[in-house]
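Undergrad: File coords_1.txt below, compact mmCIF, C-alpha atoms:
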# COMPACT_ATOMS: atom_id res chain seq x y z
CA MET A 1 122.72 104.89 72.71
CA ALA A 2 120.88 104.89 76.08
CA LYS A 3 117.71 103.41 74.52
CA LYS A 4 119.71 100.71 72.74
CA GLU A 5 121.57 99.90 75.99
CA SER A 6 118.31 99.85 77.96
CA ASN A 7 116.71 97.44 75.48
CA ALA A 8 119.77 95.20 75.68
CA ASN A 9 119.53 95.21 79.50
CA LEU A 10 115.85 94.26 79.39
CA HIS A 11 116.50 91.47 76.89
CA ALA A 12 119.33 90.17 79.07
CA ALA A 13 117.02 90.32 82.10
CA LYS A 14 114.42 88.24 80.27
CA VAL A 15 116.96 85.63 79.22
CA ASN A 16 118.57 85.45 82.67
CA GLN A 17 115.27 85.83 84.52
CA LYS A 18 116.68 88.81 86.41
CA ASP A 19 113.62 90.83 87.33
CA GLU A 20 114.91 93.46 89.74
CA PHE A 21 114.31 96.65 87.77
CA TYR A 22 112.67 99.60 89.49
CA THR A 23 110.86 102.46 87.78
CA GLN A 24 111.95 105.93 88.86
CA ILE A 25 109.34 107.91 90.81
CA GLU A 26 109.64 110.79 88.32
CA ASP A 27 108.69 108.45 85.47
CA ILE A 28 105.75 107.08 87.45
CA ALA A 29 104.49 110.61 88.15
CA ALA A 30 104.92 111.71 84.54
CA GLU A 31 102.86 108.78 83.24
CA LEU A 32 100.18 108.44 85.91
CA LYS A 33 99.27 112.15 86.02
CA HIS A 34 97.22 111.45 82.88
CA TYR A 35 95.07 108.93 84.79
CA LYS A 36 94.62 110.73 88.12
CA ASP A 37 90.80 110.78 87.96
CA HIS A 38 90.66 107.03 87.29
CA PHE A 39 92.11 106.30 90.73
CA ARG A 40 89.51 108.14 92.88
CA GLY A 41 87.76 105.73 95.24
CA LYS A 42 89.73 102.75 93.91
CA THR A 43 91.81 100.02 95.48
CA VAL A 44 95.24 99.94 93.87
CA LEU A 45 97.36 96.80 93.93
CA CYS A 46 101.12 96.86 93.49
CA ASN A 47 101.55 93.10 93.57
CA CYS A 48 105.18 92.96 92.50
CA ASP A 49 106.49 95.83 94.61
CA ASP A 50 108.17 95.46 97.95
CA PRO A 51 106.69 98.37 99.93
CA TYR A 52 110.12 99.08 101.39
CA GLU A 53 111.77 99.44 98.00
CA SER A 54 109.05 100.36 95.52
CA ASN A 55 108.71 103.78 93.99
CA PHE A 56 105.16 102.76 93.01
CA PHE A 57 104.32 102.33 96.70
CA GLN A 58 105.97 105.64 97.60
CA PHE A 59 104.16 107.45 94.76
CA PHE A 60 100.72 106.12 95.67
CA ALA A 61 101.28 106.66 99.40
CA LEU A 62 102.15 110.30 98.73
CA LYS A 63 99.18 110.74 96.37
CA PHE A 64 96.79 108.72 98.55
CA ASN A 65 94.77 111.67 99.86
CA GLU A 66 95.09 113.96 96.85
CA TRP A 67 93.92 111.25 94.46
CA GLY A 68 91.26 109.92 96.84
CA LEU A 69 92.43 106.31 96.90
CA LYS A 70 90.28 103.85 98.83
CA LYS A 71 93.13 101.44 99.58
CA LEU A 72 96.68 100.69 98.51
CA ILE A 73 97.92 97.11 98.66
CA CYS A 74 101.56 96.19 98.07
CA THR A 75 103.11 92.76 98.15
CA SER A 76 106.72 91.80 97.97
CA TYR A 77 108.32 88.68 96.61
CA ASN A 78 110.43 86.44 98.79
CA GLY A 79 114.18 86.70 98.29
CA SER A 80 114.61 90.13 96.68
CA PRO A 81 118.36 90.75 96.31
CA ILE A 82 117.91 94.44 97.20
CA ALA A 83 115.44 94.13 100.08
CA GLY A 84 116.27 96.55 102.86
CA SER A 85 118.63 98.67 100.77
CA GLN A 86 116.36 101.75 100.59
CA LEU A 87 114.31 101.76 103.79
CA SER A 88 115.68 100.07 106.84
CA LEU A 89 113.54 97.48 108.53
CA PRO A 90 114.18 97.99 112.24
CA PHE A 91 111.37 95.65 113.24
CA GLU A 92 112.27 92.80 110.89
CA ASP A 93 114.05 90.89 113.68
CA GLU A 94 110.98 91.30 115.91
CA LEU A 95 108.73 89.92 113.16
CA ALA A 96 111.04 86.97 112.65
CA ALA A 97 111.18 86.23 116.39
CA ALA A 98 107.39 86.32 116.65
CA ALA A 99 106.84 84.08 113.64
CA GLU A 100 107.39 80.37 113.40
CA PRO A 101 110.88 79.56 112.03
CA ALA A 102 109.73 78.48 108.55
CA ALA A 103 107.65 81.63 108.16
CA ALA A 104 110.48 83.82 109.48
CA GLU A 105 112.70 82.71 106.59
CA ARG A 106 110.14 84.05 104.12
CA LYS A 107 110.44 87.77 103.64
CA ALA A 108 107.31 88.32 101.57
CA TYR A 109 105.16 91.09 103.03
CA LYS A 110 101.69 92.45 102.41
CA LEU A 111 101.06 96.09 103.18
CA GLU A 112 97.56 97.55 103.13
CA LEU A 113 97.25 101.31 103.44
CA THR A 114 93.78 102.74 104.06
CA GLU A 115 94.84 106.22 105.15
CA MET A 116 97.82 108.50 104.77
CA ARG A 117 98.42 111.10 107.43
CA ASP A 118 101.22 112.99 109.13
CA PHE A 119 102.72 109.92 110.84
CA ASN A 120 105.91 111.69 111.93
CA GLY A 121 104.15 114.82 113.22
CA ASP A 122 106.13 117.37 111.20
CA GLY A 123 103.04 119.10 109.78
CA ALA A 124 103.35 117.76 106.22
CA ILE A 125 102.72 114.52 104.39
CA ASP A 126 105.91 113.48 102.63
CA LEU A 127 108.35 110.58 102.29
CA GLY A 128 109.23 110.96 105.97
CA ASP A 129 105.65 109.92 106.75
CA VAL A 130 105.94 106.91 104.46
CA ARG A 131 109.05 105.85 106.38
CA ALA A 132 107.35 106.54 109.75
CA TYR A 133 104.27 104.58 108.67
CA LEU A 134 106.37 101.57 107.72
CA GLN A 135 108.18 101.72 111.06
CA GLN A 136 104.99 102.23 113.13
CA CYS A 137 102.79 99.77 111.24
CA PRO A 138 104.91 96.79 110.23
CA PRO A 139 103.10 94.73 107.62
CA PRO A 140 102.36 91.07 108.14
CA LEU A 141 104.33 88.38 106.42
CA LEU A 142 102.53 86.62 103.62
CA ARG A 143 102.02 82.89 104.10
CA GLY A 144 103.72 82.10 100.81
CA THR A 145 106.45 83.63 98.72
CA GLY A 146 104.48 86.60 97.37
CA ASP A 147 104.37 85.11 93.88
CA PHE A 148 101.60 86.88 91.94
CA ARG A 149 100.33 83.45 90.82
CA SER A 150 99.70 82.17 94.36
CA LEU A 151 96.13 81.81 95.65
CA GLU A 152 96.92 84.29 98.42
CA CYS A 153 98.00 86.95 95.92
CA GLU A 154 95.18 86.16 93.49
CA LYS A 155 92.69 86.95 96.28
CA LEU A 156 94.33 90.36 96.63
CA LEU A 157 94.09 90.77 92.86
CA ASP A 158 90.35 90.10 93.07
CA GLU A 159 90.05 92.84 95.70
CA ALA A 160 91.81 95.43 93.52
CA ASP A 161 90.32 97.78 90.97
CA ILE A 162 93.60 98.81 89.35
CA VAL A 163 96.98 97.08 89.21
CA CYS A 164 100.05 99.26 88.84
CA THR A 165 103.41 97.59 89.29
CA ASN A 166 106.71 96.46 87.82
CA PRO A 167 105.91 92.90 86.75
CA PRO A 168 108.66 90.30 86.54
CA PHE A 169 109.99 90.67 83.00
CA SER A 170 110.70 86.97 82.65
CA LEU A 171 107.01 86.22 83.35
CA PHE A 172 105.51 89.21 81.56
CA ARG A 173 103.14 87.30 79.25
CA GLU A 174 101.86 85.13 82.09
CA TYR A 175 101.45 88.20 84.27
CA VAL A 176 99.42 90.14 81.70
CA ALA A 177 97.32 87.05 80.90
CA GLN A 178 96.38 86.82 84.59
CA LEU A 179 95.32 90.49 84.64
CA VAL A 180 93.18 89.99 81.56
CA LYS A 181 91.65 86.79 83.00
CA HIS A 182 90.68 88.70 86.16
CA ASP A 183 89.41 91.66 84.10
CA LYS A 184 91.68 94.19 85.84
CA ASN A 185 92.65 97.65 84.74
CA PHE A 186 96.43 97.95 84.61
Using structure tokens, write down the structure that the file contains.

TA:
Amino acid sequence: MAKKESNANLHAAKVNQKDEFYTQIEDIAAELKHYKDHFRGKTVLCNCDDPYESNFFQFFALKFNEWGLKKLICTSYNGSPIAGSQLSLPFEDELAAAAEPAAAERKAYKLELTEMRDFNGDGAIDLGDVRAYLQQCPPPLLRGTGDFRSLECEKLLDEADIVCTNPPFSLFREYVAQLVKHDKNF
């Protein structure tokens, strides 16, 4: 029953172009543990994952040191209906005030993580450090909407070794075609 219901939900999402589905962190861990060695020294791109909401971002941030990642890049898409519902964005008003008005209306971010350490000083690296990092190091706004097809996001794709994300279901074929065109592991 659950599988049939899940397939119906995905089909409905494709038809309605509703792309806000998030993979559970337990499912990400269960799948990616088989590929751990493939990530060492690599730049990972999560180009359809708001760093404030994405379990992919949280997973890779927590595994950053253990898996020996070189860099983690996450981009969000402008206008997510759930933005800010998991991690609060206390500096969002400051970013908007500092930006020009047209840019402030766009809420597409780019986060680049090149190290993961004990940002909250509690002696361990955990989700509290992910939250502290996001609060201490607010990411810049993207110039555009964060659409994976934009030139800005394609440049990030070229920088990446591996792409691991929740692509927009309504654009799945186009998304995969772009990855193949750029010869990316995904």

Undergrad: Measuring between all atoms listed in the file, which one of A:Lys184, A:Arg117, A:Arg149, A:Arg131 shows the shortest distance to Thr43 in chain A?

TA: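 So, comparing all the options, the nearest one is A:Lys184.
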
Undergrad: Excluding Lys110 in chain A and any residue of its chain fewer than 4 positions from it, enumerate the residues within 8 Å of it, using all atoms listed in the file, and give them as a PDB file with C-alpha atoms, in the frame of the given file.

TA:
ATOM      1  CA  ILE A  73      97.920  97.110  98.660  1.00  0.00           C
ATOM      2  CA  CYS A  74     101.560  96.190  98.070  1.00  0.00           C
ATOM      3  CA  THR A  75     103.110  92.760  98.150  1.00  0.00           C
ATOM      4  CA  SER A  76     106.720  91.800  97.970  1.00  0.00           C
ATOM      5  CA  PRO A 139     103.100  94.730 107.620  1.00  0.00           C
ATOM      6  CA  PRO A 140     102.360  91.070 108.140  1.00  0.00           C
ATOM      7  CA  LEU A 141     104.330  88.380 106.420  1.00  0.00           C
ATOM      8  CA  LEU A 142     102.530  86.620 103.620  1.00  0.00           C
TER       9      LEU A 142
END

Undergrad: Calculated over all atoms listed in the file, which of the candidates A:Asn185, A:Leu111, A:Asn166, A:Gln136 has the smallest distance to Thr23 in chain A?

TA: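 For Thr23 in chain A, the nearest of the given residues is A:Asn166.
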
Undergrad: For Lys33 in chain A, which residue among A:Asp158, A:Glu115, A:Glu66, A:Asp183 is the nearest when counting only C-alpha atoms?

TA: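 Closest to Lys33 in chain A of all the choices is A:Glu66.
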
Undergrad: Using Å and a single decimal, report how far CA of Ala132 in chain A sits from CA of Phe119 in chain A.

TA: 5.8 Å
